[in-house]
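Participant: Below are the C-alpha cells for one structure; questions will follow.
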Amino acid sequence: MMLARFLSKLFKTEGIVLVDSRGQKYICGEISNKEKPLTLKLLKKDLDWKLLLYPELYLGEEYSKSNIEIENGTIHDFLNLALKNLGRGKINIYSTIINNFTYGFNFLTQYNLKNVSKRNAEMHYNRGEDLYDWMLDSEHRQYSCALFKNPNETLEQAQTNKLSHIVKKLNLKPGHRVLDIGCGWGGLSRYIAKEAGCEVLGISLSSNQIDYCKKKARETKLDNLVNYELCDYREAKGKWDRIVNVGFFEHVSPKFYKTFFNKINDLLKDNSDSICLTHTIASTNPPSPTNPFINKYIFNGGKVPTASQITKAIEKSGLIISGWESLIDHYNLTLDQWRKRFLQNINKAKKSYGNNFVRMWDFYLSSCSAAFKWSDLLVYQIETVKDFKSVPARTRDYIYN
C-alpha cells in the first residue's frame, strides 16, 4: 500500500499504526508503545489516495467528517508526532506539485479588495460569540499569541504580559492618539487607554467585534478614551502618534503588503516621535501557498507572510525598521490553552455547532499548535518609524527593565 510506505518514511523517529478501510493493519516506523500504539484508522476507501495525494487538505477535511479516527491518542497527538518528524520539510512530491500550482493560481486570481476583506473577516470572526467566550482569556479576550514568561502561567497572565510588552514598545505618553488596526474585541485598546491614558480608535471589519467593543467600553467606563469603527484600513484617516496592529497582517495578502505599509506611512504623524508596531504570524520558509485546510475552512483569504515579504514592503514604503523581535515557543502554548478551554465546553459546542464543526475546530487548533512547535511558524513584532529619533533611547532598556 503506497500510503503505508509514505507514512513509514514520514514517521522516521517514532511510528504509528495505520488501519485502512478494509481493516488491514500496517506498522509505519518504529513503535515505542507496542501495547497501545498511536493508530490512524481510515473509514473510507478513497482516503488511501487522498491522504497520499494532498494530506494538507484531506486529513483535516475527512477528520472533520468522522471518516478518520485516532485510537490510543488524539488528533493533537497525531499532528504533533507527524510534524515533529517532518519539521520544515515538504510532505511529498504530489502535494508539492499541487501546492506550487495553487500558489501560482491564487496569486493571479485572489485579491483582498475591500468587499472581499469584509466578507472574509465576517466569515471567521462572526461565527458566534459563545465560541470565543469558551476558548479565549476572560480578561482581555485576545485572539493572538500570548507571551508566556514561563509555560505554567495562566492564559490571562500570559495575555496581559503580551499587552504590557506592546505598550512598552510603543513608548506611550498620556495624550497620544493611537490607531488600533484590526482591533479584535478591544482588549488592547482598552489596556492602552487604562494604562497609558491615551485616546484610541479601534477599527475592524467584523460587525460582531465592533458591537462587542462599544459595549465593553461603556461597561468599563473607558468610552471617553476609546472609540470603534467598522472600517477597512485603506479607508482610515487622520494623523496618529502610534499605530498598532496585532494579528491583522495575516489578512492583508501579498498583493497589498506595499499598500498596507504605504498607508501606515501616510497615517503616522510627520514628526520624530511616531511609531508603528506590527505583531504578525510569519513563516521561516520562502513564500509558499496557504495551508488549504485553513484557507477553506478557517481563514478565507488569509496568508502568512515571510520575513522577506515584510521587509521588502517596508523598504518600498519609506518606513524604517527600528525593532524586530521573534517570539518562538509562545503561540503553541497559547493554542494549547485555547484548545483545552474549547474541549472543556465540547458538549455545548456540539449542541450549538454540531459534531463536524467541533472536530474541525479541534483539528484547526491542534494543527496550528504543532506547526508553531515543530514546523515553520513563529510570531514577529516589528517596529517601524519615520525618523531615527523616534526610537527613544540608544538601548532597549525602556522595554525590558
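Residues in the C-alpha cells are named by chain (A, B, ... in the order shown) and by number from 1 within that chain; ligands are numbered from 1 in the order shown.
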Mind the document's chain letters and residue numbers, and return as a ChimeraX atom specification the residues of stretch 128-191 of chain A that DSSP labels strand (DSSP E).
Facilitator: /A:177-181
Participant: From a backbone DSSP assignment, name each residue in stretch 179-352 of chain A labelled alpha helix (DSSP H), as a PDB file with N, CA and C atoms, in the first residue's frame.
Facilitator:
```pdb
ATOM      1  N   GLY A 187      -9.446  44.358  23.505  1.00  0.00           N
ATOM      2  CA  GLY A 187      -8.643  44.193  24.710  1.00  0.00           C
ATOM      3  C   GLY A 187      -7.416  45.087  24.736  1.00  0.00           C
ATOM      4  N   LEU A 188      -6.720  45.203  23.604  1.00  0.00           N
ATOM      5  CA  LEU A 188      -5.518  46.033  23.546  1.00  0.00           C
ATOM      6  C   LEU A 188      -5.875  47.511  23.668  1.00  0.00           C
ATOM      7  N   SER A 189      -6.886  47.963  22.978  1.00  0.00           N
ATOM      8  CA  SER A 189      -7.239  49.389  23.019  1.00  0.00           C
ATOM      9  C   SER A 189      -7.680  49.803  24.418  1.00  0.00           C
ATOM     10  N   ARG A 190      -8.440  48.939  25.087  1.00  0.00           N
ATOM     11  CA  ARG A 190      -8.845  49.255  26.456  1.00  0.00           C
ATOM     12  C   ARG A 190      -7.631  49.275  27.391  1.00  0.00           C
ATOM     13  N   TYR A 191      -6.706  48.338  27.184  1.00  0.00           N
ATOM     14  CA  TYR A 191      -5.500  48.278  28.013  1.00  0.00           C
ATOM     15  C   TYR A 191      -4.661  49.546  27.832  1.00  0.00           C
ATOM     16  N   ILE A 192      -4.517  50.003  26.593  1.00  0.00           N
ATOM     17  CA  ILE A 192      -3.751  51.218  26.316  1.00  0.00           C
ATOM     18  C   ILE A 192      -4.399  52.429  26.985  1.00  0.00           C
ATOM     19  N   ALA A 193      -5.724  52.516  26.845  1.00  0.00           N
ATOM     20  CA  ALA A 193      -6.428  53.655  27.440  1.00  0.00           C
ATOM     21  C   ALA A 193      -6.293  53.654  28.961  1.00  0.00           C
ATOM     22  N   LYS A 194      -6.428  52.489  29.562  1.00  0.00           N
ATOM     23  CA  LYS A 194      -6.376  52.384  31.021  1.00  0.00           C
ATOM     24  C   LYS A 194      -4.979  52.598  31.566  1.00  0.00           C
ATOM     25  N   GLU A 195      -3.979  51.986  30.929  1.00  0.00           N
ATOM     26  CA  GLU A 195      -2.622  52.016  31.462  1.00  0.00           C
ATOM     27  C   GLU A 195      -1.845  53.275  31.081  1.00  0.00           C
ATOM     28  N   ALA A 196      -2.156  53.844  29.897  1.00  0.00           N
ATOM     29  CA  ALA A 196      -1.352  54.967  29.408  1.00  0.00           C
ATOM     30  C   ALA A 196      -2.148  56.252  29.245  1.00  0.00           C
ATOM     31  N   SER A 207     -18.559  43.179  12.268  1.00  0.00           N
ATOM     32  CA  SER A 207     -19.601  43.922  12.981  1.00  0.00           C
ATOM     33  C   SER A 207     -19.778  43.382  14.400  1.00  0.00           C
ATOM     34  N   ASN A 208     -19.634  42.063  14.578  1.00  0.00           N
ATOM     35  CA  ASN A 208     -19.740  41.485  15.917  1.00  0.00           C
ATOM     36  C   ASN A 208     -18.685  42.062  16.854  1.00  0.00           C
ATOM     37  N   GLN A 209     -17.459  42.176  16.350  1.00  0.00           N
ATOM     38  CA  GLN A 209     -16.374  42.691  17.179  1.00  0.00           C
ATOM     39  C   GLN A 209     -16.608  44.151  17.554  1.00  0.00           C
ATOM     40  N   ILE A 210     -17.039  44.958  16.601  1.00  0.00           N
ATOM     41  CA  ILE A 210     -17.262  46.374  16.876  1.00  0.00           C
ATOM     42  C   ILE A 210     -18.391  46.552  17.891  1.00  0.00           C
ATOM     43  N   ASP A 211     -19.452  45.790  17.751  1.00  0.00           N
ATOM     44  CA  ASP A 211     -20.555  45.863  18.720  1.00  0.00           C
ATOM     45  C   ASP A 211     -20.073  45.496  20.122  1.00  0.00           C
ATOM     46  N   TYR A 212     -19.265  44.428  20.195  1.00  0.00           N
ATOM     47  CA  TYR A 212     -18.724  43.999  21.488  1.00  0.00           C
ATOM     48  C   TYR A 212     -17.830  45.086  22.084  1.00  0.00           C
ATOM     49  N   CYS A 213     -16.948  45.658  21.252  1.00  0.00           N
ATOM     50  CA  CYS A 213     -16.011  46.679  21.725  1.00  0.00           C
ATOM     51  C   CYS A 213     -16.741  47.882  22.312  1.00  0.00           C
ATOM     52  N   LYS A 214     -17.759  48.344  21.624  1.00  0.00           N
ATOM     53  CA  LYS A 214     -18.502  49.517  22.092  1.00  0.00           C
ATOM     54  C   LYS A 214     -19.199  49.225  23.424  1.00  0.00           C
ATOM     55  N   LYS A 215     -19.775  48.027  23.510  1.00  0.00           N
ATOM     56  CA  LYS A 215     -20.452  47.644  24.748  1.00  0.00           C
ATOM     57  C   LYS A 215     -19.460  47.542  25.901  1.00  0.00           C
ATOM     58  N   LYS A 216     -18.311  46.926  25.653  1.00  0.00           N
ATOM     59  CA  LYS A 216     -17.307  46.743  26.702  1.00  0.00           C
ATOM     60  C   LYS A 216     -16.711  48.086  27.126  1.00  0.00           C
ATOM     61  N   ALA A 217     -16.547  48.999  26.188  1.00  0.00           N
ATOM     62  CA  ALA A 217     -16.004  50.312  26.529  1.00  0.00           C
ATOM     63  C   ALA A 217     -16.940  51.053  27.487  1.00  0.00           C
ATOM     64  N   ARG A 218     -18.238  50.925  27.250  1.00  0.00           N
ATOM     65  CA  ARG A 218     -19.203  51.557  28.145  1.00  0.00           C
ATOM     66  C   ARG A 218     -19.184  50.902  29.528  1.00  0.00           C
ATOM     67  N   GLU A 219     -19.131  49.581  29.540  1.00  0.00           N
ATOM     68  CA  GLU A 219     -19.140  48.855  30.809  1.00  0.00           C
ATOM     69  C   GLU A 219     -17.925  49.183  31.663  1.00  0.00           C
ATOM     70  N   TYR A 257       0.677  44.142   0.599  1.00  0.00           N
ATOM     71  CA  TYR A 257       1.670  44.437   1.629  1.00  0.00           C
ATOM     72  C   TYR A 257       2.220  45.857   1.460  1.00  0.00           C
ATOM     73  N   LYS A 258       2.551  46.216   0.233  1.00  0.00           N
ATOM     74  CA  LYS A 258       3.076  47.554  -0.034  1.00  0.00           C
ATOM     75  C   LYS A 258       2.007  48.603   0.269  1.00  0.00           C
ATOM     76  N   THR A 259       0.766  48.312  -0.133  1.00  0.00           N
ATOM     77  CA  THR A 259      -0.346  49.230   0.150  1.00  0.00           C
ATOM     78  C   THR A 259      -0.486  49.458   1.652  1.00  0.00           C
ATOM     79  N   PHE A 260      -0.368  48.379   2.417  1.00  0.00           N
ATOM     80  CA  PHE A 260      -0.524  48.471   3.874  1.00  0.00           C
ATOM     81  C   PHE A 260       0.520  49.388   4.489  1.00  0.00           C
ATOM     82  N   PHE A 261       1.795  49.157   4.184  1.00  0.00           N
ATOM     83  CA  PHE A 261       2.836  49.962   4.815  1.00  0.00           C
ATOM     84  C   PHE A 261       2.874  51.388   4.243  1.00  0.00           C
ATOM     85  N   ASN A 262       2.465  51.571   2.987  1.00  0.00           N
ATOM     86  CA  ASN A 262       2.305  52.934   2.472  1.00  0.00           C
ATOM     87  C   ASN A 262       1.238  53.679   3.269  1.00  0.00           C
ATOM     88  N   LYS A 263       0.159  52.963   3.616  1.00  0.00           N
ATOM     89  CA  LYS A 263      -0.913  53.578   4.398  1.00  0.00           C
ATOM     90  C   LYS A 263      -0.424  53.913   5.804  1.00  0.00           C
ATOM     91  N   ILE A 264       0.376  53.013   6.397  1.00  0.00           N
ATOM     92  CA  ILE A 264       0.958  53.294   7.715  1.00  0.00           C
ATOM     93  C   ILE A 264       1.803  54.566   7.654  1.00  0.00           C
ATOM     94  N   ASN A 265       2.612  54.685   6.615  1.00  0.00           N
ATOM     95  CA  ASN A 265       3.465  55.862   6.450  1.00  0.00           C
ATOM     96  C   ASN A 265       2.627  57.126   6.332  1.00  0.00           C
ATOM     97  N   ASP A 266       1.517  57.017   5.645  1.00  0.00           N
ATOM     98  CA  ASP A 266       0.628  58.162   5.454  1.00  0.00           C
ATOM     99  C   ASP A 266      -0.081  58.552   6.756  1.00  0.00           C
ATOM    100  N   LEU A 267      -0.446  57.559   7.576  1.00  0.00           N
ATOM    101  CA  LEU A 267      -1.222  57.808   8.786  1.00  0.00           C
ATOM    102  C   LEU A 267      -0.369  58.277   9.973  1.00  0.00           C
ATOM    103  N   PRO A 292      -4.195  24.627   2.666  1.00  0.00           N
ATOM    104  CA  PRO A 292      -5.515  24.584   2.022  1.00  0.00           C
ATOM    105  C   PRO A 292      -6.668  24.337   2.984  1.00  0.00           C
ATOM    106  N   PHE A 293      -6.439  23.579   4.059  1.00  0.00           N
ATOM    107  CA  PHE A 293      -7.498  23.354   5.040  1.00  0.00           C
ATOM    108  C   PHE A 293      -7.828  24.653   5.760  1.00  0.00           C
ATOM    109  N   ALA A 307       9.491  36.780   6.239  1.00  0.00           N
ATOM    110  CA  ALA A 307      10.304  37.947   6.603  1.00  0.00           C
ATOM    111  C   ALA A 307      10.701  38.747   5.374  1.00  0.00           C
ATOM    112  N   SER A 308      11.032  38.058   4.283  1.00  0.00           N
ATOM    113  CA  SER A 308      11.456  38.772   3.074  1.00  0.00           C
ATOM    114  C   SER A 308      10.316  39.595   2.481  1.00  0.00           C
ATOM    115  N   GLN A 309       9.101  39.075   2.525  1.00  0.00           N
ATOM    116  CA  GLN A 309       7.961  39.824   2.001  1.00  0.00           C
ATOM    117  C   GLN A 309       7.679  41.065   2.847  1.00  0.00           C
ATOM    118  N   ILE A 310       7.812  40.921   4.156  1.00  0.00           N
ATOM    119  CA  ILE A 310       7.561  42.053   5.059  1.00  0.00           C
ATOM    120  C   ILE A 310       8.606  43.146   4.855  1.00  0.00           C
ATOM    121  N   THR A 311       9.883  42.767   4.850  1.00  0.00           N
ATOM    122  CA  THR A 311      10.950  43.775   4.762  1.00  0.00           C
ATOM    123  C   THR A 311      10.923  44.509   3.425  1.00  0.00           C
ATOM    124  N   LYS A 312      10.634  43.801   2.343  1.00  0.00           N
ATOM    125  CA  LYS A 312      10.572  44.452   1.031  1.00  0.00           C
ATOM    126  C   LYS A 312       9.472  45.509   0.999  1.00  0.00           C
ATOM    127  N   ALA A 313       8.314  45.167   1.571  1.00  0.00           N
ATOM    128  CA  ALA A 313       7.195  46.111   1.581  1.00  0.00           C
ATOM    129  C   ALA A 313       7.511  47.332   2.439  1.00  0.00           C
ATOM    130  N   ILE A 314       8.177  47.121   3.577  1.00  0.00           N
ATOM    131  CA  ILE A 314       8.535  48.238   4.453  1.00  0.00           C
ATOM    132  C   ILE A 314       9.547  49.148   3.763  1.00  0.00           C
ATOM    133  N   GLU A 315      10.547  48.549   3.127  1.00  0.00           N
ATOM    134  CA  GLU A 315      11.571  49.340   2.439  1.00  0.00           C
ATOM    135  C   GLU A 315      10.958  50.212   1.345  1.00  0.00           C
ATOM    136  N   LYS A 316      10.026  49.663   0.585  1.00  0.00           N
ATOM    137  CA  LYS A 316       9.403  50.418  -0.509  1.00  0.00           C
ATOM    138  C   LYS A 316       8.513  51.536   0.004  1.00  0.00           C
ATOM    139  N   SER A 317       8.016  51.400   1.244  1.00  0.00           N
ATOM    140  CA  SER A 317       7.127  52.430   1.796  1.00  0.00           C
ATOM    141  C   SER A 317       7.892  53.645   2.303  1.00  0.00           C
ATOM    142  N   TYR A 331       3.210  30.709  20.730  1.00  0.00           N
ATOM    143  CA  TYR A 331       1.888  30.511  20.134  1.00  0.00           C
ATOM    144  C   TYR A 331       1.401  29.078  20.288  1.00  0.00           C
ATOM    145  N   ASN A 332       2.305  28.113  20.276  1.00  0.00           N
ATOM    146  CA  ASN A 332       1.863  26.734  20.502  1.00  0.00           C
ATOM    147  C   ASN A 332       1.277  26.585  21.907  1.00  0.00           C
ATOM    148  N   LEU A 333       1.880  27.262  22.893  1.00  0.00           N
ATOM    149  CA  LEU A 333       1.332  27.231  24.250  1.00  0.00           C
ATOM    150  C   LEU A 333      -0.029  27.927  24.296  1.00  0.00           C
ATOM    151  N   THR A 334      -0.149  29.034  23.576  1.00  0.00           N
ATOM    152  CA  THR A 334      -1.420  29.764  23.516  1.00  0.00           C
ATOM    153  C   THR A 334      -2.507  28.894  22.908  1.00  0.00           C
ATOM    154  N   LEU A 335      -2.201  28.272  21.780  1.00  0.00           N
ATOM    155  CA  LEU A 335      -3.176  27.423  21.093  1.00  0.00           C
ATOM    156  C   LEU A 335      -3.584  26.224  21.936  1.00  0.00           C
ATOM    157  N   ASP A 336      -2.636  25.664  22.648  1.00  0.00           N
ATOM    158  CA  ASP A 336      -2.969  24.529  23.516  1.00  0.00           C
ATOM    159  C   ASP A 336      -3.906  24.954  24.643  1.00  0.00           C
ATOM    160  N   GLN A 337      -3.717  26.167  25.145  1.00  0.00           N
ATOM    161  CA  GLN A 337      -4.627  26.693  26.167  1.00  0.00           C
ATOM    162  C   GLN A 337      -6.015  26.905  25.576  1.00  0.00           C
ATOM    163  N   TRP A 338      -6.087  27.455  24.365  1.00  0.00           N
ATOM    164  CA  TRP A 338      -7.389  27.650  23.710  1.00  0.00           C
ATOM    165  C   TRP A 338      -8.082  26.307  23.483  1.00  0.00           C
ATOM    166  N   ARG A 339      -7.307  25.332  23.023  1.00  0.00           N
ATOM    167  CA  ARG A 339      -7.892  24.005  22.756  1.00  0.00           C
ATOM    168  C   ARG A 339      -8.410  23.380  24.047  1.00  0.00           C
ATOM    169  N   LYS A 340      -7.640  23.478  25.115  1.00  0.00           N
ATOM    170  CA  LYS A 340      -8.064  22.912  26.402  1.00  0.00           C
ATOM    171  C   LYS A 340      -9.387  23.521  26.846  1.00  0.00           C
ATOM    172  N   ARG A 341      -9.500  24.837  26.724  1.00  0.00           N
ATOM    173  CA  ARG A 341     -10.728  25.512  27.144  1.00  0.00           C
ATOM    174  C   ARG A 341     -11.891  25.163  26.219  1.00  0.00           C
ATOM    175  N   PHE A 342     -11.608  25.077  24.933  1.00  0.00           N
ATOM    176  CA  PHE A 342     -12.660  24.715  23.984  1.00  0.00           C
ATOM    177  C   PHE A 342     -13.205  23.314  24.279  1.00  0.00           C
ATOM    178  N   LEU A 343     -12.301  22.370  24.527  1.00  0.00           N
ATOM    179  CA  LEU A 343     -12.735  20.997  24.788  1.00  0.00           C
ATOM    180  C   LEU A 343     -13.461  20.857  26.118  1.00  0.00           C
ATOM    181  N   GLN A 344     -13.182  21.765  27.048  1.00  0.00           N
ATOM    182  CA  GLN A 344     -13.940  21.765  28.302  1.00  0.00           C
ATOM    183  C   GLN A 344     -15.408  22.138  28.070  1.00  0.00           C
ATOM    184  N   ILE A 346     -16.994  21.164  25.184  1.00  0.00           N
ATOM    185  CA  ILE A 346     -17.272  20.411  23.969  1.00  0.00           C
ATOM    186  C   ILE A 346     -18.757  20.048  23.821  1.00  0.00           C
ATOM    187  N   ASN A 347     -19.427  19.758  24.905  1.00  0.00           N
ATOM    188  CA  ASN A 347     -20.851  19.404  24.808  1.00  0.00           C
ATOM    189  C   ASN A 347     -21.686  20.600  24.364  1.00  0.00           C
ATOM    190  N   LYS A 348     -21.354  21.782  24.892  1.00  0.00           N
ATOM    191  CA  LYS A 348     -22.043  22.994  24.458  1.00  0.00           C
ATOM    192  C   LYS A 348     -21.758  23.268  22.977  1.00  0.00           C
ATOM    193  N   ALA A 349     -20.505  23.057  22.586  1.00  0.00           N
ATOM    194  CA  ALA A 349     -20.121  23.314  21.199  1.00  0.00           C
ATOM    195  C   ALA A 349     -20.835  22.370  20.235  1.00  0.00           C
ATOM    196  N   LYS A 350     -20.938  21.097  20.611  1.00  0.00           N
ATOM    197  CA  LYS A 350     -21.637  20.135  19.764  1.00  0.00           C
ATOM    198  C   LYS A 350     -23.110  20.496  19.624  1.00  0.00           C
ATOM    199  N   LYS A 351     -23.701  20.945  20.720  1.00  0.00           N
ATOM    200  CA  LYS A 351     -25.114  21.314  20.695  1.00  0.00           C
ATOM    201  C   LYS A 351     -25.348  22.538  19.813  1.00  0.00           C
ATOM    202  N   SER A 352     -24.434  23.498  19.868  1.00  0.00           N
ATOM    203  CA  SER A 352     -24.600  24.750  19.119  1.00  0.00           C
ATOM    204  C   SER A 352     -24.137  24.646  17.671  1.00  0.00           C
TER     205      SER A 352
END
```
Participant: Need the shell around A:Ala82: protein/DNA/RNA residues with any atom at most 8 Å away, counting only C-alpha atoms. Skip same-chain ones fewer than 3 positions apart. Format as a PyMOL selection string?
Facilitator: chain A and resi 10-11+78-79+85-86
Participant: Nearest to A:Leu147: which of A:Leu18, A:Leu225, A:Ile203, A:Val379 is it, counting only C-alpha atoms?
Facilitator: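 Of A:Leu18, A:Leu225, A:Ile203, A:Val379, the one nearest A:Leu147, counting only C-alpha atoms, is A:Val379.
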Participant: Restricting the calculation to only C-alpha atoms: of A:Gly182, A:Leu81, A:Asp48, A:Lys168, which residue gets closest to A:Asn401?
Facilitator: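 Nearest candidate to A:Asn401 out of A:Gly182, A:Leu81, A:Asp48, A:Lys168: A:Lys168.
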